[in-house]
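The next block holds one structure in the form of structure tokens; read it before the comments.
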Amino acid sequence: WTYALTATKRPFVRAIFPLAVKRGRTTQLEPVGFGMGGMTTTSLDVPMDWSCGPRAVQLATPAGLTNPVPVIVSDLEESIESDANNDFEHAASLAVPGGVSGRIETDGDVDCFKFTAKKGQAYRFEVEARRFDSMLDSYLSVLDNTGREIANNDDLTNSVLTSKDSRLDWTAPVDGEFVVSVRDLSSHGGTEFVYHLVAQPAEPDFVLECDSDKALIGPGSSTAWFVKVTRQTGFAGDVQLDVEGLPAGVTAACARIPAAMTQGSVILTADWDAPMDCANVQVVGRATIPLADGGEKQLVRVAMPLQEIYSPGGGRARYPVNMHTV
């Protein structure tokens, strides 16, 4: 139960709004925090060579540089939530695919966004907030054209990831206009309750987890890793496993997980003359999905390694980690 405590006079940012920035643009940001020398807004130039995804930036203030602050670099059509979308009747338009940065500013605040859906099309709505240090514990809903809730999600929970952020996979029952709403689970709000809502058509996909996160092998011996696939949004195909980055003298016999199964194995074997070594590796799965135009698309997904933990008095649990080692 370790921690590090830092006491500092430098500028400190607790949240930033908007949370998402678009590549190739200059975005006006509102930092929320302490000791920023009176600065309330600043601009961030986002070059095209920044890769999409989370990025830590430090903002220049009259009192010096801030702590590193997470922003989301995006190529989606991005917008910023207005204050007038607080109910079903005043929902703001949301592009699909697209993203919107918002903030639950006060207790009881609800942000509503309307979108047009096509019958039978699967959509994914995901809130990015708590994982980027926001105070928001999101609750996500889809409403029909009468304002009735027809789908919802509180926490993102699957076999690989658990998060206070919300994600909802939903298939439209009819053609028409629907509303997606975001609020705090406990109806709290404030300047630090920022979020980024991503809306996009959902494609067939899968995620992998691997038990365990380490392989200890002696010369001439073998060990096994067990890999589980969770198929999503209509994906029903085979998954071929592979291991990348193995140390010298180590080979992997990798299973193909058939469509009717959810688990496969990887057998790691060290040669008798394999040198003492250590390497961080990736277990990957490859699958092919058909496209609407008759073509094909290859999916490549990296397995999440699972670390063992044993509870006092007995009991084994697992949790995801970043490093996978042979």
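By order of appearance in the structure tokens: chains A, B, ..., then residues from 1 within every chain, and ligands from 1 in the order shown.
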
Near stretch 9-25 of chain A, 9 Å: stretch 132-185 of chain A residue rows, closest pairs, only C-alpha atoms, as CSV:
```
residue,atom,partner,partner_atom,distance
A:Phe132,CA,A:Ala15,CA,8.6
A:Asp133,CA,A:Ala15,CA,7.1
A:Ser134,CA,A:Ala15,CA,6.4
A:Met135,CA,A:Ala15,CA,8.6
```

Got time to write the residues from that selection, C-alpha atoms, as a PDB file, in the first residue's frame?
```pdb
ATOM      1  CA  PHE A 132      -8.453  10.774 -17.627  1.00  0.00           C
ATOM      2  CA  ASP A 133      -8.781  12.010 -14.023  1.00  0.00           C
ATOM      3  CA  SER A 134     -12.289  13.478 -14.368  1.00  0.00           C
ATOM      4  CA  MET A 135     -14.529  13.478 -11.305  1.00  0.00           C
TER       5      MET A 135
END
```

Hey, could you make a per-residue contact list for stretch 181-260 of chain A against stretch 30-40 of chain A with 12 Å as the cut-off, showing the nearest pair of atoms and its distance in Å to one decimal, counting only C-alpha atoms, sorted by chain and number, as a tab-separated table?
```
residue	atom	partner	partner_atom	distance
A:Gly190	CA	A:Val32	CA	10.5
A:Thr191	CA	A:Val32	CA	7.0
A:Glu192	CA	A:Val32	CA	6.9
A:Phe193	CA	A:Val32	CA	10.4
A:Val194	CA	A:Val32	CA	10.3
```

Using C-alpha atoms, can you write the selected residues to a file as a tab-separated table (two decimals), in the first residue's frame?
```tsv
chain	number	residue	atom	x	y	z
A	190	GLY	CA	-18.86	20.72	-11.10
A	191	THR	CA	-16.07	22.20	-13.19
A	192	GLU	CA	-13.99	19.01	-12.86
A	193	PHE	CA	-16.77	16.74	-14.20
A	194	VAL	CA	-15.49	16.77	-17.80
```

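Using only C-alpha atoms for every distance, the candidate list A:Val182, A:Lys164, A:Ile72, A:Asp144 yields A:Val182 as the residue closest to A:Asp109.
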
* Asked: With only C-alpha atoms as the basis for distance, which of A:Ala215, A:Ala122, A:Leu136, A:Ala292 is at the shortest distance from A:Ala252?
  ->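 For A:Ala252, the nearest of the given residues is A:Ala215.
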
* **atom CA of A:Ala270 to atom CA of A:Val250, straight-line distance in Å** =>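 We find that atom CA of A:Val250 and atom CA of A:Ala270 lie 4.4 Å from each other.
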
All residues 8 Å or closer to A:Asn153, only C-alpha atoms, same chain fewer than 2 positions away omitted, as a PDB file with N, CA and C atoms, in the first residue's frame:
```pdb
ATOM      1  N   TYR A 139     -23.148   7.889 -16.269  1.00  0.00           N
ATOM      2  CA  TYR A 139     -24.291   7.005 -16.531  1.00  0.00           C
ATOM      3  C   TYR A 139     -24.807   7.393 -17.905  1.00  0.00           C
ATOM      4  N   LEU A 140     -24.882   6.406 -18.808  1.00  0.00           N
ATOM      5  CA  LEU A 140     -25.174   6.640 -20.216  1.00  0.00           C
ATOM      6  C   LEU A 140     -26.509   6.006 -20.570  1.00  0.00           C
ATOM      7  N   SER A 141     -27.357   6.725 -21.293  1.00  0.00           N
ATOM      8  CA  SER A 141     -28.675   6.219 -21.680  1.00  0.00           C
ATOM      9  C   SER A 141     -28.953   6.514 -23.142  1.00  0.00           C
ATOM     10  N   ALA A 151     -32.121   1.844 -23.340  1.00  0.00           N
ATOM     11  CA  ALA A 151     -30.843   1.159 -23.099  1.00  0.00           C
ATOM     12  C   ALA A 151     -30.016   2.035 -22.180  1.00  0.00           C
ATOM     13  N   ASP A 155     -21.200   1.250 -15.542  1.00  0.00           N
ATOM     14  CA  ASP A 155     -19.761   1.007 -15.600  1.00  0.00           C
ATOM     15  C   ASP A 155     -19.422   0.072 -16.748  1.00  0.00           C
ATOM     16  N   LEU A 156     -18.291   0.353 -17.387  1.00  0.00           N
ATOM     17  CA  LEU A 156     -17.760  -0.546 -18.399  1.00  0.00           C
ATOM     18  C   LEU A 156     -17.129  -1.737 -17.700  1.00  0.00           C
ATOM     19  N   SER A 166     -18.587   4.764 -18.882  1.00  0.00           N
ATOM     20  CA  SER A 166     -19.687   3.996 -19.466  1.00  0.00           C
ATOM     21  C   SER A 166     -19.420   3.691 -20.933  1.00  0.00           C
ATOM     22  N   ARG A 167     -19.875   2.510 -21.357  1.00  0.00           N
ATOM     23  CA  ARG A 167     -19.859   2.168 -22.780  1.00  0.00           C
ATOM     24  C   ARG A 167     -21.100   1.352 -23.086  1.00  0.00           C
ATOM     25  N   LEU A 168     -21.766   1.697 -24.182  1.00  0.00           N
ATOM     26  CA  LEU A 168     -23.034   1.059 -24.527  1.00  0.00           C
ATOM     27  C   LEU A 168     -23.007   0.651 -25.989  1.00  0.00           C
TER      28      LEU A 168
END
```

* Asked: Nearest to A:Pro219: which of A:Val266, A:Asp205, A:Pro173, A:Met276 is it, counting only C-alpha atoms?
  -> A:Met276

* Asked: A:Ile257: which residues within 8 Å, counting only C-alpha atoms, same-chain residues fewer than 5 positions away excluded, as a PyMOL selection string?
  -> chain A and resi 238-241+262-264

* To do: Could you please write out, as an MDAnalysis selection string, every residue of stretch 11-235 of chain A that DSSP assigns to strand (DSSP E or B)?
  => chainID A and resid 12:17 20:22 26:34 42:45 53:57 60:61 64:65 69:74 78:80 92:93 98:103 110:117 122:128 138:143 149:153 156:157 162:163 167:171 176:184 194:201 205:211 214 222:232

Any chance you can output those residues with C-alpha atoms as a compact mmCIF listing (two decimals), in the first residue's frame?
```
# COMPACT_ATOMS: atom_id res chain seq x y z
CA PHE A 12 -1.53 22.33 -10.79
CA VAL A 13 -4.38 21.37 -13.14
CA ARG A 14 -7.20 19.11 -11.93
CA ALA A 15 -9.20 19.03 -15.17
CA ILE A 16 -9.18 20.48 -18.66
CA PHE A 17 -12.05 21.44 -20.96
CA ALA A 20 -10.62 16.12 -26.73
CA VAL A 21 -8.60 18.06 -29.30
CA LYS A 22 -8.52 17.55 -33.06
CA THR A 26 -5.60 25.07 -32.46
CA THR A 27 -8.01 24.49 -29.57
CA GLN A 28 -8.93 26.92 -26.80
CA LEU A 29 -8.64 25.14 -23.45
CA GLU A 30 -10.00 25.99 -20.02
CA PRO A 31 -7.78 24.53 -17.28
CA VAL A 32 -9.31 24.00 -13.84
CA GLY A 33 -6.86 23.98 -10.94
CA PHE A 34 -4.64 26.06 -8.68
CA THR A 42 -5.04 29.02 -23.10
CA SER A 43 -4.61 27.64 -26.61
CA LEU A 44 -3.07 24.34 -27.66
CA ASP A 45 -1.66 23.78 -31.15
CA GLY A 53 -5.33 8.71 -28.44
CA PRO A 54 -4.34 9.94 -24.97
CA ARG A 55 -1.48 12.40 -24.71
CA ALA A 56 0.00 14.24 -21.73
CA VAL A 57 0.62 17.96 -22.22
CA ALA A 60 2.40 27.36 -20.02
CA THR A 61 1.04 29.79 -17.39
CA GLY A 64 5.29 28.40 -14.99
CA LEU A 65 4.48 25.04 -16.54
CA VAL A 69 -2.46 16.93 -18.13
CA PRO A 70 -4.16 14.21 -20.22
CA VAL A 71 -5.94 15.22 -23.43
CA ILE A 72 -7.46 13.01 -26.12
CA VAL A 73 -6.12 13.57 -29.64
CA SER A 74 -8.86 12.78 -32.18
CA GLU A 78 -15.44 16.96 -32.79
CA SER A 79 -17.82 19.41 -31.14
CA ILE A 80 -18.23 21.06 -27.72
CA ALA A 92 -27.96 18.99 -29.36
CA SER A 93 -27.09 17.31 -32.66
CA GLY A 98 -18.17 11.78 -34.05
CA GLY A 99 -17.13 13.01 -30.64
CA VAL A 100 -18.29 15.72 -28.26
CA SER A 101 -16.55 17.18 -25.21
CA GLY A 102 -18.92 18.03 -22.39
CA ARG A 103 -19.12 18.84 -18.72
CA VAL A 110 -27.95 16.01 -17.78
CA ASP A 111 -26.49 16.45 -21.26
CA CYS A 112 -28.61 15.21 -24.20
CA PHE A 113 -27.57 14.63 -27.81
CA LYS A 114 -29.79 13.58 -30.71
CA PHE A 115 -28.65 11.37 -33.59
CA THR A 116 -30.19 9.59 -36.55
CA ALA A 117 -30.06 5.79 -36.55
CA ALA A 122 -25.17 -1.45 -34.30
CA TYR A 123 -23.75 1.65 -32.57
CA ARG A 124 -21.21 2.13 -29.81
CA PHE A 125 -21.37 5.07 -27.38
CA GLU A 126 -18.46 5.47 -24.98
CA VAL A 127 -17.73 8.03 -22.27
CA GLU A 128 -14.07 8.86 -21.64
CA SER A 138 -20.89 8.53 -15.81
CA TYR A 139 -24.29 7.00 -16.53
CA LEU A 140 -25.17 6.64 -20.22
CA SER A 141 -28.68 6.22 -21.68
CA VAL A 142 -30.34 5.91 -25.08
CA LEU A 143 -33.86 7.38 -25.32
CA GLU A 149 -35.03 5.08 -21.78
CA ILE A 150 -34.50 1.95 -23.90
CA ALA A 151 -30.84 1.16 -23.10
CA ASN A 152 -28.32 2.19 -20.47
CA ASN A 153 -24.89 1.51 -18.98
CA LEU A 156 -17.76 -0.55 -18.40
CA THR A 157 -17.20 -4.12 -17.26
CA THR A 162 -13.40 -2.55 -15.61
CA SER A 163 -13.94 1.20 -15.51
CA ARG A 167 -19.86 2.17 -22.78
CA LEU A 168 -23.03 1.06 -24.53
CA ASP A 169 -23.34 -1.18 -27.60
CA TRP A 170 -26.83 -0.74 -29.01
CA THR A 171 -28.67 -1.81 -32.17
CA GLY A 176 -35.42 7.31 -36.77
CA GLU A 177 -34.06 9.89 -34.38
CA PHE A 178 -32.89 8.92 -30.90
CA VAL A 179 -31.21 10.70 -28.00
CA VAL A 180 -28.16 9.67 -25.98
CA SER A 181 -27.78 11.29 -22.56
CA VAL A 182 -24.88 11.60 -20.10
CA ARG A 183 -25.17 12.31 -16.37
CA ASP A 184 -23.35 11.59 -13.14
CA VAL A 194 -15.49 16.77 -17.80
CA TYR A 195 -15.97 14.00 -20.37
CA HIS A 196 -15.60 13.04 -24.01
CA LEU A 197 -18.47 11.12 -25.63
CA VAL A 198 -17.58 9.03 -28.69
CA ALA A 199 -20.35 7.82 -31.02
CA GLN A 200 -19.67 5.53 -33.95
CA PRO A 201 -21.11 2.57 -35.84
CA ASP A 205 -14.69 -7.08 -32.94
CA PHE A 206 -13.09 -9.16 -30.20
CA VAL A 207 -10.88 -8.77 -27.13
CA LEU A 208 -8.32 -11.20 -25.72
CA GLU A 209 -7.02 -11.92 -22.24
CA CYS A 210 -4.09 -14.15 -21.36
CA ASP A 211 -3.45 -16.04 -18.13
CA LYS A 214 4.77 -14.27 -17.01
CA SER A 222 7.82 -25.84 -21.79
CA THR A 223 5.00 -23.90 -20.18
CA ALA A 224 1.49 -22.90 -21.23
CA TRP A 225 -0.47 -19.70 -21.46
CA PHE A 226 -4.25 -19.83 -21.79
CA VAL A 227 -6.00 -17.24 -23.95
CA LYS A 228 -9.70 -16.34 -23.83
CA VAL A 229 -11.53 -14.51 -26.61
CA THR A 230 -14.63 -12.38 -26.02
CA ARG A 231 -16.44 -11.77 -29.32
CA GLN A 232 -18.32 -8.49 -29.71
```

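Atom CA of A:Arg130 sits 12.3 Å away from atom CA of A:Asp154.
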
* Using only C-alpha atoms, which of A:Asp242, A:Glu77, A:Asp175, A:Asp273 sits nearest A:Ala95? ->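 The answer is A:Glu77, which sits nearest to A:Ala95.
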
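Atom CA of A:Glu89 is found 9.7 Å from atom CA of A:Thr146.
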